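A.B. asks: The following file, data_10.txt, comprises compact mmCIF, C-alpha atoms:
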```txt
# COMPACT_ATOMS: atom_id res chain seq x y z
CA MET A 1 -1.52 50.46 -0.95
CA PRO A 2 -1.45 48.26 2.17
CA ASN A 3 1.77 47.81 4.07
CA GLN A 4 3.87 44.83 3.07
CA LEU A 5 3.02 41.57 4.83
CA THR A 6 5.41 40.30 7.47
CA PRO A 7 5.20 37.35 9.90
CA THR A 8 3.96 39.76 12.57
CA SER A 9 1.32 41.48 10.42
CA SER A 10 -2.10 41.43 12.07
CA ILE A 11 -4.54 39.27 10.11
CA LEU A 12 -8.24 39.18 10.96
CA ILE A 13 -10.39 36.29 9.71
CA ILE A 14 -14.14 36.86 9.78
CA GLY A 15 -15.78 33.45 10.01
CA GLY A 16 -14.75 30.38 12.00
CA GLY A 17 -16.30 27.76 9.75
CA THR A 18 -14.73 25.35 7.30
CA TRP A 19 -12.73 27.87 5.31
CA GLY A 20 -12.00 30.15 8.26
CA CYS A 21 -10.51 27.36 10.35
CA SER A 22 -8.53 26.04 7.38
CA THR A 23 -7.14 29.50 6.64
CA ALA A 24 -6.19 30.08 10.27
CA LEU A 25 -4.33 26.77 10.32
CA HIS A 26 -2.43 27.44 7.09
CA LEU A 27 -1.46 30.96 8.11
CA ALA A 28 -0.16 29.71 11.45
CA ARG A 29 1.81 26.98 9.70
CA ARG A 30 3.38 29.64 7.47
CA GLY A 31 4.65 31.47 10.51
CA TYR A 32 2.16 34.29 10.90
CA THR A 33 2.01 35.06 14.60
CA ASN A 34 -0.81 37.61 14.85
CA VAL A 35 -3.92 35.88 13.48
CA LYS A 36 -7.36 36.39 14.99
CA VAL A 37 -10.67 34.70 14.06
CA LEU A 38 -14.10 36.16 14.84
CA ASP A 39 -17.36 34.21 14.78
CA PRO A 40 -20.65 34.60 16.66
CA TYR A 41 -20.77 30.84 17.29
CA LYS A 42 -18.32 28.49 18.92
CA VAL A 43 -16.56 26.02 16.63
CA PRO A 44 -18.29 24.11 15.13
CA SER A 45 -20.81 26.77 14.23
CA PRO A 46 -24.41 25.54 13.83
CA ILE A 47 -24.67 27.51 10.57
CA ALA A 48 -21.37 26.32 9.06
CA ALA A 49 -21.84 24.00 6.08
CA GLY A 50 -19.04 21.85 7.47
CA ASN A 51 -20.76 21.24 10.82
CA ASP A 52 -21.89 17.81 9.73
CA VAL A 53 -21.11 14.18 10.52
CA ASN A 54 -20.15 13.49 6.94
CA LYS A 55 -19.57 15.15 3.59
CA ILE A 56 -18.82 13.62 0.22
CA MET A 57 -15.24 13.49 -1.06
CA GLU A 58 -15.22 12.98 -4.82
CA HIS A 59 -12.86 13.79 -7.66
CA LYS A 60 -15.18 14.81 -10.47
CA GLU A 61 -13.86 17.22 -13.09
CA LEU A 62 -15.88 20.23 -14.19
CA LYS A 63 -16.58 20.64 -17.90
CA ASP A 64 -17.05 24.40 -18.10
CA GLY A 65 -13.58 25.75 -18.87
CA LYS A 66 -12.64 25.85 -15.20
CA SER A 67 -11.83 22.16 -14.95
CA SER A 68 -8.08 22.59 -14.65
CA ALA A 69 -8.34 24.91 -11.63
CA TRP A 70 -10.96 22.63 -10.07
CA THR A 71 -8.70 19.62 -10.55
CA THR A 72 -5.88 21.49 -8.81
CA PHE A 73 -8.14 22.28 -5.85
CA THR A 74 -9.46 18.74 -5.57
CA ARG A 75 -6.10 17.02 -5.95
CA ALA A 76 -4.70 19.21 -3.19
CA ALA A 77 -7.67 18.43 -0.95
CA LEU A 78 -7.36 14.69 -1.53
CA GLN A 79 -3.65 14.84 -0.75
CA GLY A 80 -4.46 16.63 2.49
CA TRP A 81 -7.15 14.13 3.48
CA LYS A 82 -4.67 11.32 2.90
CA THR A 83 -1.49 12.72 4.42
CA ASP A 84 -2.12 15.67 6.76
CA PRO A 85 -2.36 14.33 10.34
CA VAL A 86 -4.83 17.08 11.24
CA PHE A 87 -7.29 15.75 8.66
CA SER A 88 -6.36 12.20 7.66
CA PRO A 89 -8.11 10.48 10.61
CA TYR A 90 -11.41 11.80 9.27
CA PHE A 91 -11.20 10.62 5.64
CA HIS A 92 -13.00 7.37 4.82
CA GLU A 93 -11.98 6.14 1.36
CA THR A 94 -15.04 3.94 0.97
CA GLY A 95 -15.90 4.73 -2.65
CA PHE A 96 -18.57 6.77 -4.39
CA ILE A 97 -21.58 5.81 -6.51
CA VAL A 98 -23.13 8.43 -8.78
CA ALA A 99 -26.45 7.59 -10.40
CA GLY A 100 -29.50 8.92 -12.17
CA HIS A 101 -33.00 7.61 -12.76
CA THR A 102 -33.92 9.49 -15.94
CA PRO A 103 -32.26 9.45 -19.37
CA GLU A 104 -31.39 13.12 -18.95
CA LEU A 105 -29.59 12.58 -15.65
CA VAL A 106 -27.74 9.53 -16.93
CA GLN A 107 -26.55 11.50 -19.96
CA HIS A 108 -25.48 14.37 -17.69
CA ILE A 109 -23.40 11.95 -15.65
CA LYS A 110 -21.75 10.55 -18.77
CA GLU A 111 -20.86 14.02 -19.97
CA GLY A 112 -19.78 15.68 -16.74
CA GLU A 113 -19.40 13.35 -13.79
CA VAL A 114 -17.43 10.22 -14.65
CA ASP A 115 -14.70 11.33 -17.07
CA VAL A 116 -12.21 12.24 -14.35
CA TYR A 117 -8.46 12.15 -13.88
CA ASP A 118 -7.23 8.69 -12.82
CA GLY A 119 -10.85 7.66 -12.23
CA ASP A 120 -11.80 4.01 -11.99
CA TYR A 121 -15.52 4.17 -12.67
CA GLU A 122 -17.41 0.90 -13.16
CA ALA A 123 -20.89 0.94 -14.70
CA LEU A 124 -23.95 -0.18 -12.72
CA GLU A 125 -26.75 -1.18 -15.08
CA THR A 126 -29.22 -3.15 -12.97
CA ALA A 127 -30.68 -3.16 -9.47
CA GLU A 128 -28.55 -6.20 -8.73
CA ASP A 129 -25.43 -4.29 -9.79
CA PHE A 130 -26.25 -1.62 -7.21
CA ARG A 131 -27.00 -4.19 -4.49
CA LYS A 132 -23.63 -5.92 -5.05
CA THR A 133 -21.75 -2.74 -4.19
CA MET A 134 -22.66 -3.23 -0.51
CA PRO A 135 -23.02 -6.16 1.90
CA GLU A 136 -26.05 -8.38 1.43
CA GLY A 137 -29.19 -6.99 3.00
CA VAL A 138 -28.17 -3.31 2.90
CA LEU A 139 -29.57 -2.28 -0.47
CA THR A 140 -32.90 -4.05 -0.78
CA GLY A 141 -34.72 -1.62 -3.08
CA ASP A 142 -35.72 -2.05 -6.69
CA PHE A 143 -33.73 0.98 -7.95
CA PRO A 144 -36.40 1.81 -10.55
CA ASN A 145 -34.75 3.03 -13.77
CA TRP A 146 -31.47 3.72 -11.97
CA LYS A 147 -28.19 3.71 -13.90
CA GLY A 148 -24.88 4.61 -12.35
CA TRP A 149 -21.16 4.25 -11.87
CA ILE A 150 -18.98 3.42 -8.87
CA SER A 151 -15.49 4.73 -8.16
CA ARG A 152 -13.49 3.12 -5.38
CA ALA A 153 -10.25 5.15 -5.30
CA GLY A 154 -9.82 8.63 -3.85
CA THR A 155 -13.52 8.94 -3.06
CA GLY A 156 -15.78 8.40 -0.08
CA TRP A 157 -16.69 10.65 2.79
CA VAL A 158 -15.13 12.87 5.45
CA HIS A 159 -16.26 13.52 9.01
CA ALA A 160 -16.48 17.25 8.41
CA ARG A 161 -17.33 18.35 11.95
CA LYS A 162 -14.44 16.45 13.55
CA ALA A 163 -12.07 17.68 10.85
CA MET A 164 -13.12 21.29 11.44
CA VAL A 165 -12.67 20.93 15.19
CA SER A 166 -9.26 19.34 14.56
CA ALA A 167 -8.18 22.28 12.38
CA HIS A 168 -9.45 24.71 15.01
CA THR A 169 -7.60 22.90 17.80
CA GLU A 170 -4.32 22.82 15.88
CA ALA A 171 -4.60 26.46 14.83
CA LYS A 172 -5.12 27.46 18.47
CA ARG A 173 -2.12 25.35 19.49
CA LEU A 174 -0.05 27.25 16.95
CA GLY A 175 -1.11 30.58 18.43
CA VAL A 176 -4.23 31.68 16.54
CA GLU A 177 -6.70 33.62 18.69
CA PHE A 178 -10.35 32.66 18.33
CA ILE A 179 -13.07 34.96 19.68
CA ALA A 180 -16.25 32.98 19.19
CA GLY A 181 -19.52 32.03 20.82
CA SER A 182 -20.62 35.42 22.13
CA PRO A 183 -21.34 38.99 21.01
CA ASP A 184 -17.57 39.51 21.27
CA GLY A 185 -17.23 37.49 18.05
CA MET A 186 -20.31 38.76 16.22
CA VAL A 187 -19.10 41.06 13.44
CA GLU A 188 -21.60 43.83 12.79
CA LYS A 189 -19.72 45.72 10.11
CA LEU A 190 -16.41 46.15 8.38
CA VAL A 191 -14.44 49.23 9.39
CA TYR A 192 -13.22 51.54 6.61
CA GLU A 193 -10.60 54.26 6.63
CA GLY A 194 -9.29 56.07 3.58
CA GLY A 195 -11.28 53.80 1.27
CA ASP A 196 -9.70 50.65 2.65
CA VAL A 197 -10.84 48.02 5.16
CA VAL A 198 -8.91 48.27 8.41
CA GLY A 199 -10.76 45.65 10.44
CA ALA A 200 -14.21 44.95 11.83
CA ARG A 201 -16.51 46.05 14.65
CA THR A 202 -18.19 43.40 16.80
CA ALA A 203 -21.50 43.54 18.66
CA ASP A 204 -19.78 44.45 21.92
CA GLY A 205 -18.60 47.69 20.30
CA VAL A 206 -14.95 46.67 19.98
CA ILE A 207 -13.10 47.55 16.78
CA HIS A 208 -10.63 44.84 15.81
CA ARG A 209 -8.02 46.55 13.65
CA ALA A 210 -5.87 44.53 11.28
CA ASP A 211 -3.33 44.95 8.51
CA ARG A 212 -5.33 42.46 6.45
CA THR A 213 -8.91 41.23 6.78
CA ILE A 214 -10.14 37.96 5.29
CA LEU A 215 -13.90 37.67 4.87
CA ALA A 216 -14.70 33.94 5.05
CA ALA A 217 -18.13 33.93 6.66
CA GLY A 218 -19.73 31.55 4.16
CA ALA A 219 -23.40 32.19 3.48
CA GLY A 220 -23.35 35.08 5.95
CA SER A 221 -20.67 37.02 4.08
CA ASP A 222 -22.94 39.15 1.92
CA ARG A 223 -24.50 40.89 4.91
CA LEU A 224 -21.10 42.52 5.52
CA LEU A 225 -20.09 43.44 1.97
CA ASP A 226 -21.79 44.27 -1.31
CA PHE A 227 -20.85 41.34 -3.54
CA LYS A 228 -22.66 42.79 -6.56
CA LYS A 229 -24.95 39.72 -6.59
CA GLN A 230 -22.02 37.31 -6.84
CA LEU A 231 -23.25 35.38 -3.77
CA ARG A 232 -26.57 33.63 -3.33
CA PRO A 233 -27.01 32.09 0.14
CA THR A 234 -28.62 28.74 -0.62
CA ALA A 235 -29.69 25.98 1.75
CA TRP A 236 -30.03 22.22 1.49
CA THR A 237 -31.73 19.76 3.79
CA LEU A 238 -30.50 16.76 5.72
CA CYS A 239 -32.01 14.32 8.20
CA HIS A 240 -30.93 11.38 10.36
CA ILE A 241 -32.61 8.11 11.29
CA GLN A 242 -31.53 6.02 14.26
CA MET A 243 -29.78 2.69 13.69
CA THR A 244 -28.95 0.05 16.27
CA GLU A 245 -25.33 -0.63 17.11
CA GLU A 246 -25.58 -3.96 15.30
CA GLU A 247 -27.04 -2.30 12.20
CA SER A 248 -24.28 0.29 12.26
CA LYS A 249 -21.67 -2.46 12.11
CA ARG A 250 -23.36 -3.94 9.05
CA TYR A 251 -23.43 -0.52 7.36
CA ARG A 252 -19.76 0.22 8.08
CA ASN A 253 -17.36 1.24 5.27
CA LEU A 254 -20.04 1.59 2.63
CA PRO A 255 -19.56 3.66 -0.52
CA VAL A 256 -21.50 6.91 -0.74
CA LEU A 257 -24.66 6.42 -2.81
CA PHE A 258 -25.70 9.58 -4.67
CA ASN A 259 -28.54 9.96 -7.17
CA LEU A 260 -28.36 13.41 -8.79
CA GLY A 261 -32.14 13.74 -8.75
CA LYS A 262 -33.09 11.81 -5.60
CA GLY A 263 -30.53 12.24 -2.83
CA PHE A 264 -27.69 10.47 -1.09
CA PHE A 265 -26.64 8.67 2.06
CA MET A 266 -23.44 7.79 3.88
CA GLU A 267 -22.71 5.21 6.53
CA PRO A 268 -23.88 5.83 10.13
CA ASP A 269 -21.54 7.68 12.41
CA ASP A 270 -19.76 5.43 14.90
CA GLU A 271 -20.87 7.35 18.00
CA MET A 272 -24.57 8.14 17.61
CA HIS A 273 -25.31 5.29 15.13
CA GLN A 274 -27.37 7.65 13.00
CA LEU A 275 -27.73 7.34 9.23
CA LYS A 276 -27.74 10.66 7.37
CA ILE A 277 -29.93 11.06 4.29
CA CYS A 278 -30.12 14.12 2.08
CA ASP A 279 -32.76 14.75 -0.50
CA GLU A 280 -31.32 16.28 -3.66
CA HIS A 281 -32.75 19.50 -5.09
CA PRO A 282 -31.52 22.84 -6.49
CA GLY A 283 -31.73 24.45 -3.05
CA TYR A 284 -33.83 26.77 -0.90
CA CYS A 285 -33.37 30.50 -0.54
CA ASN A 286 -34.87 32.78 2.09
CA LEU A 287 -35.74 35.77 -0.04
CA VAL A 288 -36.66 38.98 1.77
CA ALA A 289 -36.63 42.65 0.85
CA ASP A 290 -33.12 44.08 0.58
CA PRO A 291 -33.04 47.22 2.75
CA GLU A 292 -29.93 48.51 0.98
CA HIS A 293 -31.32 48.06 -2.53
CA PRO A 294 -35.00 49.10 -2.63
CA GLY A 295 -37.14 46.94 -4.89
CA GLU A 296 -34.69 44.05 -4.77
CA GLU A 297 -34.52 40.84 -2.74
CA ARG A 298 -31.72 38.98 -1.03
CA SER A 299 -31.47 35.54 0.58
CA VAL A 300 -30.83 35.68 4.32
CA PRO A 301 -29.56 32.56 6.17
CA PHE A 302 -31.01 31.42 9.48
CA VAL A 303 -30.40 28.50 11.82
CA LYS A 304 -33.06 25.80 12.06
CA GLU A 305 -32.82 22.19 13.22
CA GLN A 306 -35.93 21.11 11.33
CA ILE A 307 -36.64 20.67 7.61
CA PRO A 308 -39.74 21.20 5.46
CA LEU A 309 -42.06 18.21 5.40
CA GLU A 310 -41.66 18.12 1.62
CA ALA A 311 -37.94 17.55 2.10
CA GLU A 312 -38.60 14.72 4.55
CA GLU A 313 -40.89 13.08 2.00
CA ARG A 314 -38.23 13.39 -0.71
CA ALA A 315 -35.67 11.76 1.58
CA ARG A 316 -38.07 8.90 2.27
CA GLY A 317 -38.63 8.53 -1.47
CA PHE A 318 -34.88 8.03 -1.91
CA LEU A 319 -34.98 5.35 0.79
CA ARG A 320 -37.94 3.60 -0.82
CA ASP A 321 -35.86 3.21 -3.98
CA THR A 322 -32.78 1.95 -2.17
CA MET A 323 -33.44 0.75 1.41
CA PRO A 324 -37.22 0.44 1.79
CA ASP A 325 -36.92 -1.30 5.16
CA LEU A 326 -35.68 2.03 6.57
CA ALA A 327 -38.05 4.34 4.71
CA GLU A 328 -40.64 4.77 7.45
CA ARG A 329 -38.39 5.05 10.48
CA PRO A 330 -38.87 8.28 12.42
CA LEU A 331 -36.36 11.07 12.04
CA VAL A 332 -34.21 11.78 15.09
CA PHE A 333 -32.45 14.88 13.73
CA ALA A 334 -32.77 17.29 10.82
CA ARG A 335 -31.44 20.68 9.83
CA ILE A 336 -31.03 23.08 6.96
CA CYS A 337 -27.45 23.57 5.76
CA TRP A 338 -26.35 26.85 4.16
CA ASP A 339 -23.75 27.58 1.52
CA ALA A 340 -23.25 30.43 -0.94
CA ASP A 341 -23.47 29.94 -4.70
CA THR A 342 -21.53 32.06 -7.16
CA PRO A 343 -23.13 32.50 -10.61
CA ASP A 344 -20.75 29.96 -12.20
CA ARG A 345 -20.26 27.88 -9.03
CA ALA A 346 -16.52 28.55 -9.05
CA PHE A 347 -14.99 29.77 -5.78
CA LEU A 348 -14.45 33.49 -5.10
CA ILE A 349 -11.02 34.03 -3.52
CA ASP A 350 -9.46 37.39 -4.31
CA GLN A 351 -8.23 40.74 -3.11
CA HIS A 352 -11.13 43.17 -3.25
CA PRO A 353 -10.62 45.53 -6.20
CA GLU A 354 -11.43 48.67 -4.18
CA HIS A 355 -10.34 47.70 -0.67
CA LYS A 356 -6.83 46.34 -1.07
CA SER A 357 -6.45 45.09 2.51
CA LEU A 358 -9.57 42.93 2.20
CA ILE A 359 -9.47 39.36 0.89
CA VAL A 360 -12.75 37.63 0.10
CA ALA A 361 -12.81 33.84 0.50
CA VAL A 362 -16.35 32.72 -0.22
CA GLY A 363 -18.58 30.90 -2.70
CA GLY A 364 -18.22 27.24 -1.72
CA SER A 365 -21.16 26.55 -4.06
CA GLY A 366 -21.85 23.15 -2.54
CA ASN A 367 -18.26 21.95 -2.92
CA GLY A 368 -16.43 23.81 -0.17
CA ALA A 369 -16.38 21.38 2.74
CA MET A 370 -14.39 18.68 1.00
CA GLN A 371 -11.67 21.27 0.29
CA MET A 372 -11.01 21.80 3.99
CA PRO A 373 -7.43 20.44 4.24
CA SER A 374 -6.05 22.66 1.47
CA ILE A 375 -8.39 25.58 0.80
CA GLY A 376 -6.74 27.66 3.51
CA GLY A 377 -3.47 27.33 1.63
CA PHE A 378 -5.00 28.80 -1.52
CA ILE A 379 -6.60 31.59 0.51
CA SER A 380 -3.20 32.28 2.09
CA ASP A 381 -1.69 32.40 -1.42
CA ALA A 382 -4.30 34.99 -2.38
CA LEU A 383 -3.41 37.02 0.71
CA GLU A 384 0.26 36.92 -0.27
CA GLY A 385 -0.46 37.59 -3.95
CA ASN A 386 0.91 34.21 -5.00
CA LEU A 387 -2.04 32.41 -6.58
CA SER A 388 -1.14 30.84 -9.90
CA ALA A 389 -2.48 32.71 -12.92
CA GLU A 390 -4.74 29.81 -13.85
CA ILE A 391 -6.39 29.58 -10.44
CA LYS A 392 -6.49 33.34 -9.97
CA ASP A 393 -8.50 33.73 -13.18
CA SER A 394 -10.99 31.07 -12.06
CA VAL A 395 -11.62 32.53 -8.59
CA ARG A 396 -11.24 36.25 -9.28
CA TRP A 397 -13.70 38.98 -8.30
CA ARG A 398 -16.10 38.83 -11.28
CA PRO A 399 -19.33 40.87 -10.86
CA GLU A 400 -19.87 40.76 -14.61
CA THR A 401 -21.01 37.15 -14.18
CA ALA A 402 -23.90 38.30 -11.94
CA ILE A 403 -25.41 40.96 -14.20
CA GLY A 404 -29.14 40.26 -14.43
CA ARG A 405 -28.72 37.29 -12.09
CA ASP A 406 -31.76 35.07 -11.65
CA TRP A 407 -32.00 34.13 -7.98
CA TYR A 408 -34.12 31.12 -8.98
CA SER A 409 -31.58 29.62 -11.39
CA THR A 410 -31.00 25.92 -10.69
CA GLN A 411 -27.35 26.28 -11.80
CA GLY A 412 -27.31 22.79 -13.21
CA ARG A 413 -28.76 21.03 -10.17
CA SER A 414 -31.67 18.59 -10.31
CA GLY A 415 -34.13 16.94 -7.96
CA GLY A 416 -37.28 17.83 -6.08
CA PRO A 417 -39.40 20.22 -8.15
CA ASN A 418 -36.32 21.00 -10.30
CA LYS A 419 -36.41 24.63 -9.22
CA VAL A 420 -34.99 26.74 -6.42
CA MET A 421 -37.49 26.96 -3.58
CA ASP A 422 -38.14 29.74 -1.08
CA PHE A 423 -38.44 29.19 2.67
CA GLN A 424 -40.89 32.11 2.69
CA ASP A 425 -43.37 29.74 1.01
CA ILE A 426 -43.09 27.11 3.79
CA LYS A 427 -45.82 27.60 6.38
CA ALA A 428 -45.12 27.11 10.08
CA ASP A 429 -47.04 23.83 10.15
CA ASP A 430 -45.15 22.47 7.15
CA TRP A 431 -41.90 21.81 9.02
CA THR A 432 -40.89 18.65 10.85
CA ARG A 433 -41.31 18.68 14.61
CA ILE A 434 -38.50 16.45 15.77
CA ASP A 435 -38.19 16.41 19.58
CA VAL A 436 -40.77 19.19 19.83
CA GLU A 437 -43.43 18.74 22.47
CA ASP A 438 -46.89 20.10 21.74
```
Let's see the structure in the file written out as structure tokens.

C.D. replies:
Amino acid sequence: MPNQLTPTSSILIIGGGTWGCSTALHLARRGYTNVKVLDPYKVPSPIAAGNDVNKIMEHKELKDGKSSAWTTFTRAALQGWKTDPVFSPYFHETGFIVAGHTPELVQHIKEGEVDVYDGDYEALETAEDFRKTMPEGVLTGDFPNWKGWISRAGTGWVHARKAMVSAHTEAKRLGVEFIAGSPDGMVEKLVYEGGDVVGARTADGVIHRADRTILAAGAGSDRLLDFKKQLRPTAWTLCHIQMTEEESKRYRNLPVLFNLGKGFFMEPDDEMHQLKICDEHPGYCNLVADPEHPGEERSVPFVKEQIPLEAEERARGFLRDTMPDLAERPLVFARICWDADTPDRAFLIDQHPEHKSLIVAVGGSGNGAMQMPSIGGFISDALEGNLSAEIKDSVRWRPETAIGRDWYSTQGRSGGPNKVMDFQDIKADDWTRIDVED
């Protein structure tokens, strides 16, 4: 068994993204004085899901038997966004609209999206109902067949990138060591001794030994550990269009508008004046041969600041429904955004069953970034063996859920072709070419 934890125990965090920075901050606040974070990229990492101008903050409740644990996570996150000075400047409580444009999506929303704790959802039945949720002239579309609901309390958006940088800055101030942005922070493999994990080796050949290791490398985690198919690196697509400063003022403090089968947008950022639009779909994988398991495939993340042309067209389709005056503006930025899905889309935060000094903290499943203020506290609880029984059961190591896993499962998501897509099927000429000179 590992040695007992003390304030001076060495703790190594692999991954300096949303969850890694949050964990570093919470450990430092608990008085741990020997915490080190490794990442190949400087904070904010270009591959981190949280490296984004805005992410949705909502308080939906899951209807799959894990709702109580999810509610605990989300309530804690909302409390952090509202009260923690490291994070509160970056929470915009502007409200949240959830909608669908087919009977099936509308029914799904009624059953699983709007029956939430202390929710204040108001129905939106007509195009005019949608238009009235924002200042005149913002929503000019016809909203064909759209039905939805708006919540105004405890929902909105967070400036994820600034919040991650804030957590990183405060963790460093409290004494956490970050080695990032060079081969010195690129973890090549975990280091094992006596059947346990004793640290990690980086690309410069250095072995970083630790009493405890926390693997929180997001979509890149499964290249370092066999997760028994519990993780599926999955990517989504986002793009920006340029607004004028005057337009940005008119679009300020708007509720998030999210159609489960079309996409979503949030207000322009106040520095670049760029409006972010995401097309909604079940995700892309990058499936290649798995060298460690002959005859099998695995999804491998990569960094790319372009998106498939089909994704651009889907985003423009969302705009044609909602803000047609913006639908044909050129894109000024786009990128793919990676996360890792578990089979049941619940988080995976647990002591490894075979390597007792290793804690896995992965499986954001599209909901990880909004947990930034508090998720590091739950990961710290797992490290200390203090997770509540209810949460521990929800986020435990559970390979039985991945037996016979279908990598193409939509896992309840809609939009686009209503199937998981593969980047291997996107030809070189079928990507956007933003700021690329021929």

A.B. asks: Counting all atoms listed in the file, what are the residues of segment 123-215 of chain A within 9 Å of segment 52-59 of chain A, and for each of them which pair of atoms is the nearest and at what distance in Å, to one decimal? Sort the table by chain and rising number, as CSV.

C.D. replies:
```
residue,atom,partner,partner_atom,distance
A:Ser151,CA,A:Glu58,CA,8.9
A:Gly154,CA,A:Glu58,CA,7.0
A:Thr155,CA,A:Glu58,CA,4.7
A:Gly156,CA,A:Met57,CA,5.2
A:Trp157,CA,A:Ile56,CA,4.5
A:Val158,CA,A:Asn54,CA,5.3
A:His159,CA,A:Asn54,CA,4.4
A:Ala160,CA,A:Asn54,CA,5.5
A:Arg161,CA,A:Asp52,CA,5.1
A:Lys162,CA,A:Val53,CA,7.7
```

A.B. asks: Those same residues, written as a PDB file, in the frame of the given file with C-alpha atoms?

C.D. replies:
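Saved file selection-v4.pdb follows:
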```
ATOM      1  CA  SER A 151     -15.490   4.730  -8.160  1.00  0.00           C
ATOM      2  CA  GLY A 154      -9.820   8.630  -3.850  1.00  0.00           C
ATOM      3  CA  THR A 155     -13.520   8.940  -3.060  1.00  0.00           C
ATOM      4  CA  GLY A 156     -15.780   8.400  -0.080  1.00  0.00           C
ATOM      5  CA  TRP A 157     -16.690  10.650   2.790  1.00  0.00           C
ATOM      6  CA  VAL A 158     -15.130  12.870   5.450  1.00  0.00           C
ATOM      7  CA  HIS A 159     -16.260  13.520   9.010  1.00  0.00           C
ATOM      8  CA  ALA A 160     -16.480  17.250   8.410  1.00  0.00           C
ATOM      9  CA  ARG A 161     -17.330  18.350  11.950  1.00  0.00           C
ATOM     10  CA  LYS A 162     -14.440  16.450  13.550  1.00  0.00           C
TER      11      LYS A 162
END
```

A.B. asks: How many Å separate atom CA of Val86 of chain A from atom CA of Gly31 of chain A?

C.D. replies: 17.2 Å

A.B. asks: Check which residues of segment 352-400 of chain A sit at most 12 Å from segment 180-192 of chain A using all atoms listed in the file, and return one row each with the closest pair of atoms and their distance in Å to one decimal, ordered by chain and rising number, as a tab-separated table.

C.D. replies:
```
residue	atom	partner	partner_atom	distance
A:Glu354	CA	A:Tyr192	CA	11.3
A:His355	CA	A:Tyr192	CA	8.7
A:Lys356	CA	A:Tyr192	CA	11.3
A:Ser357	CA	A:Tyr192	CA	10.2
A:Leu358	CA	A:Leu190	CA	9.8
```

A.B. asks: Excluding same-chain residues fewer than 6 positions from Leu254 of chain A, what lies within 8 Å of it counting all atoms listed in the file, as a list in words?

C.D. replies: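 These residues fall inside the cut-off: Thr94, Gly95, Met134, Met266 and Glu267 of chain A.
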
A.B. asks: Would you work out the distance separating atom CA of Ser380 of chain A from atom CA of Ala219 of chain A, expressed in Å to one decimal?

C.D. replies: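 Interatomic distance, atom CA of Ser380 of chain A to atom CA of Ala219 of chain A: 20.2 Å.
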
A.B. asks: Take atom CA of Lys82 of chain A and atom CA of Ile375 of chain A and report the distance between them in Å, one decimal.

C.D. replies: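 Atom CA of Ile375 of chain A lies 14.9 Å from atom CA of Lys82 of chain A.
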
A.B. asks: Neighbours of Lys392 of chain A within 8 Å (all atoms listed in the file; same-chain residues fewer than 5 positions away dropped), as a PyMOL selection string?

C.D. replies: chain A and resi 349-350+387

A.B. asks: Using only C-alpha atoms, pick whichever of A:Ser88, A:Ile97, A:Pro7, A:Ser299 has the shortest atom-to-atom distance to Ala123 of chain A.

C.D. replies: A:Ile97

A.B. asks: With 9 Å as the threshold, what does the neighbourhood of (-35.0, -4.6, -6.6) contain in terms of residues, counting all atoms listed in the file? Coordinates are those of the file; answer as number ranges by chain.

C.D. replies: A: 126-128, 131, 139-144, 321-322

A.B. asks: Residues as selected, C-alpha atoms, written as a CSV table (one decimal), keeping the file's coordinate frame, can you do that?

C.D. replies:
```
chain,number,residue,atom,x,y,z
A,126,THR,CA,-29.2,-3.2,-13.0
A,127,ALA,CA,-30.7,-3.2,-9.5
A,128,GLU,CA,-28.6,-6.2,-8.7
A,131,ARG,CA,-27.0,-4.2,-4.5
A,139,LEU,CA,-29.6,-2.3,-0.5
A,140,THR,CA,-32.9,-4.0,-0.8
A,141,GLY,CA,-34.7,-1.6,-3.1
A,142,ASP,CA,-35.7,-2.0,-6.7
A,143,PHE,CA,-33.7,1.0,-8.0
A,144,PRO,CA,-36.4,1.8,-10.6
A,321,ASP,CA,-35.9,3.2,-4.0
A,322,THR,CA,-32.8,2.0,-2.2
```

A.B. asks: So that I can check the surroundings of Gly364 of chain A, please list as a list in words every protein, DNA and RNA residue that reaches within 10 Å of it, counting all atoms listed in the file and ignoring chain neighbours fewer than 5 positions away.

C.D. replies: Thr18, Trp19, Ala49, Gly218, Ala219, Leu231, Asp339, Ala340, Asp341, Thr342, Arg345, Ala346, Phe347, Leu348, Ala369, Met370 and Gln371 of chain A

A.B. asks: Name the closest residue to Pro233 of chain A among the candidates A:Glu384, A:Asp269, A:Glu297, A:Glu246; distances are taken between atoms, counting only C-alpha atoms.

C.D. replies: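 Closest to Pro233 of chain A, using only C-alpha atoms: A:Glu297.
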
A.B. asks: Check the smallest atom-to-atom distance from each of A:Gly385, A:Pro301, A:Pro282, A:Gly148 to Gln107 of chain A using all atoms listed in the file, then report the winner.

C.D. replies: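 Going through A:Gly385, A:Pro301, A:Pro282, A:Gly148 one by one, the smallest distance to Gln107 of chain A is for A:Gly148.
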
A.B. asks: I want to know what sits within 8 Å of segment 32-47 of chain A, based on only C-alpha atoms, with residues of the same chain fewer than 6 positions away left out; could you give that as number ranges by chain?

C.D. replies: A: 6-17, 20, 24, 161, 164-165, 168, 175-187, 302-303, 337-338

A.B. asks: Which residues are near Leu257 of chain A? Cut-off 8 Å, only C-alpha atoms, ignore same chain within fewer than 3 positions. Put them as a PDB file with C-alpha atoms, in the coordinates of the input.

C.D. replies:
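Below you can see result-v6.pdb, which holds the result:
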```
ATOM      1  CA  PHE A  96     -18.570   6.770  -4.390  1.00  0.00           C
ATOM      2  CA  ILE A  97     -21.580   5.810  -6.510  1.00  0.00           C
ATOM      3  CA  VAL A  98     -23.130   8.430  -8.780  1.00  0.00           C
ATOM      4  CA  ALA A  99     -26.450   7.590 -10.400  1.00  0.00           C
ATOM      5  CA  PHE A 264     -27.690  10.470  -1.090  1.00  0.00           C
ATOM      6  CA  PHE A 265     -26.640   8.670   2.060  1.00  0.00           C
ATOM      7  CA  MET A 266     -23.440   7.790   3.880  1.00  0.00           C
TER       8      MET A 266
END
```
